[in-house]
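Asker: Before we start, here is the structure in question, set down as structure tokens.
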Amino acid sequence: MSLTQMLLSAAAQLFTWDCLSVLIIGVVAGMIVGALPGLSASMAVALLVPLTFKMDPAPGLVMLTAVYTSAIYGGSVTACLIHTPGTPASAATAMDGFPLTKKGKGLKAVGISTISSMIGGTLSAVALLVIAPQLAKVSLWFSSLEYFLLACFGLTIIGSMSGENMVKGLISGALGLLFGTVGMDLLSGYPRFTFGIIPLESGIQLVPAMIGLFAISQVMISVEELRGGQTKILEGSVKDLALCCTAGDLSL
Amino acid sequence: MSPKARESVITSVVLLIIYGFLFAQTMGMPSTPALFPRVCLILLTVLTVIMLYLDVRKYAKDHDAESGVHWKEIAVPLVAFAAIVVYAVLFDLFGYFPATAVMLVGFMIALKVKPWWLILAITAGYALFIYLMFVVWLKVSII
């Protein structure tokens with residue numbers, strides 16, 4: 001079967017009332033779950049798997065895919081509005097989105113995030129459809145050298161995030177590496193820095209770490225501001241109630 | 001020494017003590033699992049010393065540089081953090097719903113939310129939403 005025939009077959013299965021209705025339900029449910037800090041996209045899928053058991057394969061898969069992708073996007077809503085990423089993928093969104101909210105442009109921040117997520121999601125889906133088989137072949141060539149370089153590339157991101165104080169940025173990165181060593185060593189099975197606490201043997205999970213870093217720190221900042229007499233999160237008035245954004249807003 | 005430089009010295013010394021404690025922990029580990037934490041700790045020690053040197057050089061003569069830590073300012077956030085720790089303890093002792101209700105009511109009273117019926121409505125509404133969504137619909141057992 002050619003690619004065109006496969007696409008037509010998939011489209012024929014997608015554009016049915018069953019698929020479209022579960023698609024809408026999945027998108028809304030995924031956005032709600034994604035917006036709840038502490039519930040990640042994979043948790044949303046895990047929670048909804050039992051509901052899809054009685055469905056046909058196509059609507060079931062559509063619902064799970066819709067829940068997963070919209071939950072990733074849903075995390076950016078709380079990341080922009082209350083500086084608490086709903087999912088780990090939205091952690092970077094909080095850094096740019098919340099300052100916009102404080103300036104009274106919260107809806108614009110959510111709008112930019114929505115459009116960016118849509119563009120990224122669509123391009124990823126097309127890439128998955130078209131170049132995934134070729135990409136899989138390339139990934140098989142990866143050895144330890146390439147993985148090491150990939151890790152180095154990840155660490156260089158610290159340079160762009162740490163602004164003026166590079167040393168503090170590098171300390172943050174090294175602390176992250178150190179926290180990553182907590183738990184059972186993969187090679188020897190020896191528990192490191194667990195201090196006898198059994199749940200720590202599986203390491204520090206991303207969701208609790210994210211809640212601690214973003215949500216609790218934001219609670220402490222908000223409490224300080226509110227007790228200090230500040231009654232509003234916004235620094236100024238709400239300037240723009242338009243959810244949509246212009247091409248200029250999306251440019252770098 | 002300016003307050004800012006003193007603050008940097010205290011922060012760096014506390015960090016170095018923590019690194020020392022963690023390094024001592026690695027001494028009891030077999031060599032293979034201890035290797036990577038030791039590398040990280042040595043790297044952190046070097047970076048912290050560099051940070052200390054740069055900060056002291058920057059702020060040593062700048063007596064106008066104000067300290068970023070004022071006890072009056074951080075007292076309330078620290079109390080909030082302590083309240084979250086108490087919440088975690090209550091969570092284990094009494095379960096999710098009673099602990100969450102106590103924490104929500106306590107925080108709203110502390111933050112001067114009025115009137116009282118709003119506090120009760122938010123607490124009851126939140127508990128009801130979580131109960132219906134997770135316990136009834138998704139069949140998740142919440143402690």
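The chains in the structure tokens are called A, B, ... from first to last as shown; in each chain the residues are counted from 1, and the ligands are counted from 1 in the order shown.
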Distance limit 6 Å, atoms considered: only C-alpha atoms. Which chain B residues sit that close to chain A? Return them as a VMD selection string.
Answerer: chain B and resid 40 76 to 77
Asker: Report as a list in words all protein, DNA and RNA residues lying within 8 Å of Tyr96 (chain B), evaluated on only C-alpha atoms, omitting residues in the same chain fewer than 3 positions from it.
Answerer: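 Skipping anything fewer than 3 positions along the chain leaves Phe91, Asp92, Ala99, Thr100, Ile142 and Ile143 of chain B.
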Asker: Any idea what the distance is between CA of Met51 (chain B) and CA of Val9 (chain B)?
Answerer: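 CA of Met51 (chain B) sits 9.6 Å away from CA of Val9 (chain B).
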Asker: Which residues of region 73-184 of chain A sit at most 8 Å from region 36-40 of chain A, using only C-alpha atoms? Give each one's shortest atom pair and distance in Å (one decimal place), in chain and ascending residue order, as CSV.
Answerer:
residue,atom,partner,partner_atom,distance
A:Gly75,CA,A:Leu36,CA,7.3
A:Thr78,CA,A:Leu36,CA,7.8
A:Thr84,CA,A:Pro37,CA,6.8
A:Pro85,CA,A:Pro37,CA,6.3
A:Gly86,CA,A:Pro37,CA,4.0
A:Thr87,CA,A:Ser40,CA,5.0
A:Pro88,CA,A:Ser40,CA,7.2
Asker: Keeping C-alpha atoms for every residue in the selection just given, could you write it to a file as a short mmCIF file (atom, residue, chain, number, x, y, z; two decimals), in the first residue's frame?
Answerer:
data_model
loop_
_atom_site.label_atom_id
_atom_site.label_comp_id
_atom_site.auth_asym_id
_atom_site.auth_seq_id
_atom_site.Cartn_x
_atom_site.Cartn_y
_atom_site.Cartn_z
CA GLY A 75 0.34 22.49 30.87
CA THR A 78 -1.08 27.36 34.08
CA THR A 84 3.19 26.67 37.63
CA PRO A 85 3.75 24.37 34.64
CA GLY A 86 1.02 21.75 34.43
CA THR A 87 3.38 19.33 32.69
CA PRO A 88 7.19 19.05 32.69
#
Asker: Could you check the closest approach to Leu22 (chain B) for each of A:Ala35, A:Gly97, A:Thr194, A:Pro199 and tell me which residue wins, using only C-alpha atoms?
Answerer: A:Thr194
Asker: With only C-alpha atoms as the basis for distance, which of B:Leu43, B:Leu15, B:Ala82, B:Leu54 is at the shortest distance from Phe107 (chain B)?
Answerer: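 Nearest candidate to Phe107 (chain B) out of B:Leu43, B:Leu15, B:Ala82, B:Leu54: B:Ala82.
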Asker: If DSSP is run on the backbone, what residues of chain B are alpha helix (DSSP H)? A reply as a PyMOL selection string would be ideal.
Answerer: chain B and resi 3-26+31-59+71-94+96-110+116-130
Asker: Record the distance separating CA of Gly121 (chain A) and CA of Ser76 (chain A), expressed in Å with one decimal.
Answerer: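 Separation between CA of Gly121 (chain A) and CA of Ser76 (chain A): 13.9 Å.
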Asker: Which residue is closest to Gly30 (chain A)? Choose from A:Met95, A:Val67, A:Gly60, A:Ala11 and count only C-alpha atoms.
Answerer: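 Closest to Gly30 (chain A), using only C-alpha atoms: A:Val67.
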Asker: Considering only C-alpha atoms, can you say which of B:Val49, B:Phe23, B:Ala60, B:Arg6 comes closest to Pro37 (chain B)?
Answerer: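 Closest to Pro37 (chain B) of all the choices is B:Phe23.
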Asker: One number please: CA of Phe81 (chain B) to CA of Thr123 (chain B), in Å, one decimal.
Answerer: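 Value for the CA of Phe81 (chain B)-CA of Thr123 (chain B) distance: 20.2 Å.
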